[in-house]
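Listing of protein23.cif; format and content: mmCIF, C-alpha atoms.
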data_coords
loop_
_atom_site.label_atom_id
_atom_site.label_comp_id
_atom_site.auth_asym_id
_atom_site.auth_seq_id
_atom_site.Cartn_x
_atom_site.Cartn_y
_atom_site.Cartn_z
CA MET S 5 -10.00 -55.92 25.30
CA LYS S 6 -12.75 -53.27 25.38
CA ILE S 7 -10.53 -50.88 27.37
CA LYS S 8 -7.73 -51.23 24.80
CA SER S 9 -10.18 -50.52 21.96
CA LEU S 10 -11.58 -47.52 23.83
CA LYS S 11 -8.06 -46.17 24.40
CA THR S 12 -7.28 -46.59 20.70
CA VAL S 13 -10.47 -44.79 19.70
CA LEU S 14 -9.82 -41.95 22.16
CA ALA S 15 -6.20 -41.59 21.00
CA THR S 16 -7.34 -41.51 17.37
CA LEU S 17 -9.98 -38.87 18.14
CA MET S 18 -7.42 -36.77 20.02
CA ILE S 19 -5.02 -36.88 17.07
CA ILE S 20 -7.81 -35.94 14.67
CA CYS S 21 -8.81 -33.03 16.90
CA ILE S 22 -5.24 -31.77 17.22
CA VAL S 23 -4.68 -31.93 13.47
CA SER S 24 -8.02 -30.37 12.55
CA CYS S 25 -7.80 -27.70 15.26
CA GLU S 26 -4.38 -26.46 14.22
CA LYS S 27 -4.39 -22.72 13.89
CA SER S 28 -4.37 -21.43 10.36
CA PRO S 29 -1.64 -18.95 9.46
CA GLU S 30 -2.37 -15.54 10.96
CA MET S 31 -3.13 -12.61 8.74
CA GLU S 32 -0.26 -10.16 8.88
CA LEU S 33 0.56 -6.70 7.65
CA THR S 34 3.57 -6.23 5.42
CA ASN S 35 5.44 -3.51 3.54
CA TYR S 36 4.99 -0.67 6.02
CA GLN S 37 5.44 2.73 4.35
CA SER S 38 5.01 6.32 5.55
CA TYR S 39 3.46 9.23 3.70
CA GLY S 40 1.95 12.54 4.76
CA GLY S 41 2.06 11.83 8.49
CA HIS S 42 0.43 8.40 8.15
CA ARG S 43 1.71 4.83 7.99
CA TYR S 44 0.37 2.25 5.57
CA ALA S 45 0.65 -1.51 5.19
CA ILE S 46 -0.88 -4.24 3.04
CA THR S 47 -2.48 -7.45 4.22
CA SER S 48 -0.43 -10.60 3.69
CA ASP S 49 -3.41 -12.42 2.26
CA LYS S 50 -6.74 -11.69 0.64
CA LEU S 51 -9.95 -11.14 2.57
CA ASN S 52 -13.37 -9.68 1.90
CA TRP S 53 -14.11 -6.01 2.51
CA ASP S 54 -15.93 -6.47 5.83
CA ALA S 55 -13.19 -8.76 7.16
CA ALA S 56 -10.55 -6.29 5.96
CA LYS S 57 -12.34 -3.43 7.73
CA GLN S 58 -12.53 -5.44 10.96
CA PHE S 59 -8.90 -6.59 10.69
CA ALA S 60 -7.78 -2.99 10.22
CA VAL S 61 -9.58 -1.92 13.40
CA GLU S 62 -8.08 -4.85 15.32
CA GLN S 63 -4.63 -3.66 14.22
CA GLY S 64 -5.32 -0.10 15.38
CA GLY S 65 -5.90 1.30 11.90
CA TYR S 66 -8.56 1.54 9.21
CA LEU S 67 -8.99 0.75 5.54
CA VAL S 68 -7.13 3.45 3.63
CA ILE S 69 -8.79 6.84 3.17
CA ILE S 70 -7.38 8.50 0.05
CA ASP S 71 -7.57 12.29 0.21
CA SER S 72 -5.55 13.36 -2.84
CA LYS S 73 -4.14 12.41 -6.23
CA GLU S 74 -0.70 12.31 -4.61
CA GLU S 75 -1.82 9.88 -1.92
CA ASN S 76 -3.53 7.73 -4.56
CA SER S 77 -0.26 7.64 -6.55
CA PHE S 78 1.70 6.77 -3.40
CA ILE S 79 -0.62 3.82 -2.68
CA LEU S 80 -0.40 2.60 -6.25
CA GLU S 81 3.39 2.91 -6.47
CA ASN S 82 4.03 1.17 -3.15
CA TYR S 83 1.38 -1.55 -3.16
CA ARG S 84 0.83 -2.54 -6.77
CA ILE S 85 3.07 -5.67 -6.64
CA PRO S 86 0.34 -8.09 -5.45
CA LEU S 87 -1.91 -6.67 -8.14
CA ILE S 88 0.63 -7.42 -10.84
CA VAL S 89 1.19 -10.94 -9.53
CA ASP S 90 -2.48 -11.83 -9.06
CA GLU S 91 -4.08 -9.40 -11.52
CA ASP S 92 -6.23 -8.36 -8.62
CA ILE S 93 -7.51 -5.27 -6.89
CA LEU S 94 -6.89 -3.54 -3.56
CA TRP S 95 -9.61 -2.74 -1.06
CA ILE S 96 -9.85 0.89 -0.02
CA GLY S 97 -12.01 2.26 2.78
CA LEU S 98 -14.90 3.46 0.62
CA SER S 99 -18.44 2.06 0.64
CA ASP S 100 -22.04 2.93 -0.14
CA GLU S 101 -23.30 0.01 1.91
CA SER S 102 -25.32 2.20 4.29
CA GLU S 103 -26.92 4.37 1.56
CA GLU S 104 -26.87 3.27 -2.07
CA GLY S 105 -25.10 5.75 -4.32
CA ILE S 106 -23.62 7.79 -1.45
CA PHE S 107 -20.04 6.63 -0.97
CA ARG S 108 -18.44 7.33 2.37
CA TRP S 109 -15.04 6.56 3.83
CA VAL S 110 -14.87 4.20 6.80
CA ASN S 111 -14.76 7.26 9.07
CA GLY S 112 -18.18 8.36 7.73
CA GLU S 113 -16.90 11.26 5.63
CA ILE S 114 -17.93 11.85 2.02
CA PRO S 115 -14.84 11.89 -0.24
CA THR S 116 -13.44 15.23 -1.34
CA TYR S 117 -11.16 13.44 -3.84
CA THR S 118 -12.14 10.48 -6.03
CA ASN S 119 -10.50 8.61 -8.87
CA TRP S 120 -13.34 6.54 -10.27
CA ALA S 121 -12.71 4.66 -13.50
CA ILE S 122 -14.82 5.79 -16.45
CA GLY S 123 -18.45 4.78 -15.88
CA GLU S 124 -17.90 4.04 -12.20
CA PRO S 125 -19.34 3.65 -9.69
CA ASN S 126 -22.17 1.78 -11.38
CA ASN S 127 -23.48 -0.75 -8.81
CA ASP S 128 -23.38 -3.45 -11.50
CA TYR S 129 -25.92 -6.22 -10.76
CA GLY S 130 -27.06 -4.20 -7.72
CA THR S 131 -24.39 -5.77 -5.51
CA GLN S 132 -21.37 -3.47 -5.74
CA ASP S 133 -20.97 -1.56 -2.50
CA TYR S 134 -17.23 -1.56 -1.79
CA GLY S 135 -14.45 0.61 -3.18
CA HIS S 136 -11.33 -0.91 -4.66
CA MET S 137 -8.33 0.24 -6.67
CA TYR S 138 -7.37 -1.19 -10.05
CA LEU S 139 -3.83 -1.76 -11.31
CA ASP S 140 -3.91 1.66 -13.04
CA GLY S 141 -4.93 3.48 -9.83
CA THR S 142 -8.54 4.10 -10.80
CA TRP S 143 -11.35 3.04 -8.51
CA ASP S 144 -14.40 0.85 -8.97
CA ASP S 145 -17.25 -0.34 -6.81
CA ALA S 146 -17.09 -4.10 -6.31
CA GLU S 147 -19.12 -6.90 -4.85
CA VAL S 148 -17.88 -8.87 -1.84
CA LYS S 149 -14.84 -10.97 -2.74
CA ASP S 150 -11.39 -11.67 -1.35
CA CYS S 151 -8.68 -9.11 -2.16
CA TYR S 152 -5.63 -7.58 -0.55
CA ALA S 153 -6.34 -4.49 1.56
CA ILE S 154 -4.41 -1.33 2.36
CA ILE S 155 -4.50 -0.41 6.05
CA GLU S 156 -3.76 3.15 7.17
CA PHE S 157 -2.55 4.25 10.60
CA ASP S 158 -2.47 7.72 12.13
CA ASN S 159 0.96 8.61 13.51
#
Rewritten as structure tokens:
Amino acid sequence: MKIKSLKTVLATLMIICIVSCEKSPEMELTNYQSYGGHRYAITSDKLNWDAAKQFAVEQGGYLVIIDSKEENSFILENYRIPLIVDEDILWIGLSDESEEGIFRWVNGEIPTYTNWAIGEPNNDYGTQDYGHMYLDGTWDDAEVKDCYAIIEFDN
């Protein structure tokens, strides 16, 4: 009788492990577009800025570096749909995490073009270190939260 009970317990534990260890859906990139010799895509789900940066590197790219008004408009026109649906923001590859008030792209360069919203960046509450794009194409510094991200690839 004890062996039967032990087998039942082990079988139950194995089922629980299989169910709880199922792989969650993988993050994917969607809506590939090309512009100015680069390719772009958006994440299929939301993630925080650090995770988005790491995911971009794992995919062979980087969080988008926006060098011009035209590129900013391209990003907005091609990737605004999730923003409209979720009233959310898009991560871009800009941060002042390493030195407060000095924003740099993920490649370490200081931006030559910016599109900050009025009064931004402002480091509200002392926790806003990561660049994101609003629905109107302007930028803001934001705290860590989950958002869609634009990934850029060199051709």
Starting from the shown file, work through the PyMOL selection byres ((chain S and resi 67-75) around 7) and note down what comes out as a tab-separated table (two decimals) with C-alpha atoms, in the coordinates of the input.
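Full text of selection36.tsv as output:
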chain	number	residue	atom	x	y	z
S	57	LYS	CA	-12.34	-3.43	7.73
S	60	ALA	CA	-7.78	-2.99	10.22
S	66	TYR	CA	-8.56	1.54	9.21
S	76	ASN	CA	-3.53	7.73	-4.56
S	77	SER	CA	-0.26	7.64	-6.55
S	78	PHE	CA	1.70	6.77	-3.40
S	79	ILE	CA	-0.62	3.82	-2.68
S	96	ILE	CA	-9.85	0.89	-0.02
S	97	GLY	CA	-12.01	2.26	2.78
S	109	TRP	CA	-15.04	6.56	3.83
S	110	VAL	CA	-14.87	4.20	6.80
S	116	THR	CA	-13.44	15.23	-1.34
S	117	TYR	CA	-11.16	13.44	-3.84
S	154	ILE	CA	-4.41	-1.33	2.36
S	155	ILE	CA	-4.50	-0.41	6.05
S	156	GLU	CA	-3.76	3.15	7.17
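Shortest atom-to-atom contact with Glu113 (chain S) among S:Leu33, S:Asp100, S:Pro125, S:Gly41: S:Asp100, counting all atoms listed in the file.
The coordinates place CA of Asn159 (chain S) at 28.7 Å from CA of Asp145 (chain S).
Taking CA of Asn127 (chain S) as the reference point, CA of Glu147 (chain S) is found at 8.5 Å.
Using all atoms listed in the file for every distance, the candidate list S:Gly135, S:Ile46, S:Tyr129, S:Phe157 yields S:Ile46 as the residue closest to Tyr83 (chain S).
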Two-atom distance - CA of Ala146 (chain S), CA of Glu81 (chain S) (Å): 21.6 Å
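What the PyMOL selection byres ((chain S and resi 48) around 8) picks from this file is Met31, Glu32, Leu33, Thr34, Ile46, Thr47, Asp49, Lys50 and Tyr152 of chain S.
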Selected residue, from S:Asn82, S:Ala55, S:Glu124, S:Gly141, that lies nearest to Tyr39 (chain S) when counting all atoms listed in the file: S:Asn82
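Put simply, the PyMOL selection byres ((chain S and resi 122) around 12) on this file hits Thr118, Asn119, Trp120, Ala121, Gly123, Glu124, Pro125, Asn126, Thr142, Trp143, Asp144 and Asp145 of chain S.
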Axis-aligned box for region 91-106 of chain S, 4 Å per side, centre and edges in Å as lines of an AutoDock Vina configuration file:
center_x = -15.5
center_y = -0.8
center_z = -3.6
size_x = 30.8
size_y = 25.2
size_z = 23.8
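For the choices S:Asp158, S:Glu101, S:Asp92, S:Glu30, the atom-to-atom distance to Gln132 (chain S) is smallest for S:Glu101 when using only C-alpha atoms.
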Contacts of Glu103 (chain S) within 12 Å, only C-alpha atoms, excl. fewer than 5 positions in-chain, as a ChimeraX atom specification: /S:108,112,114,133-134
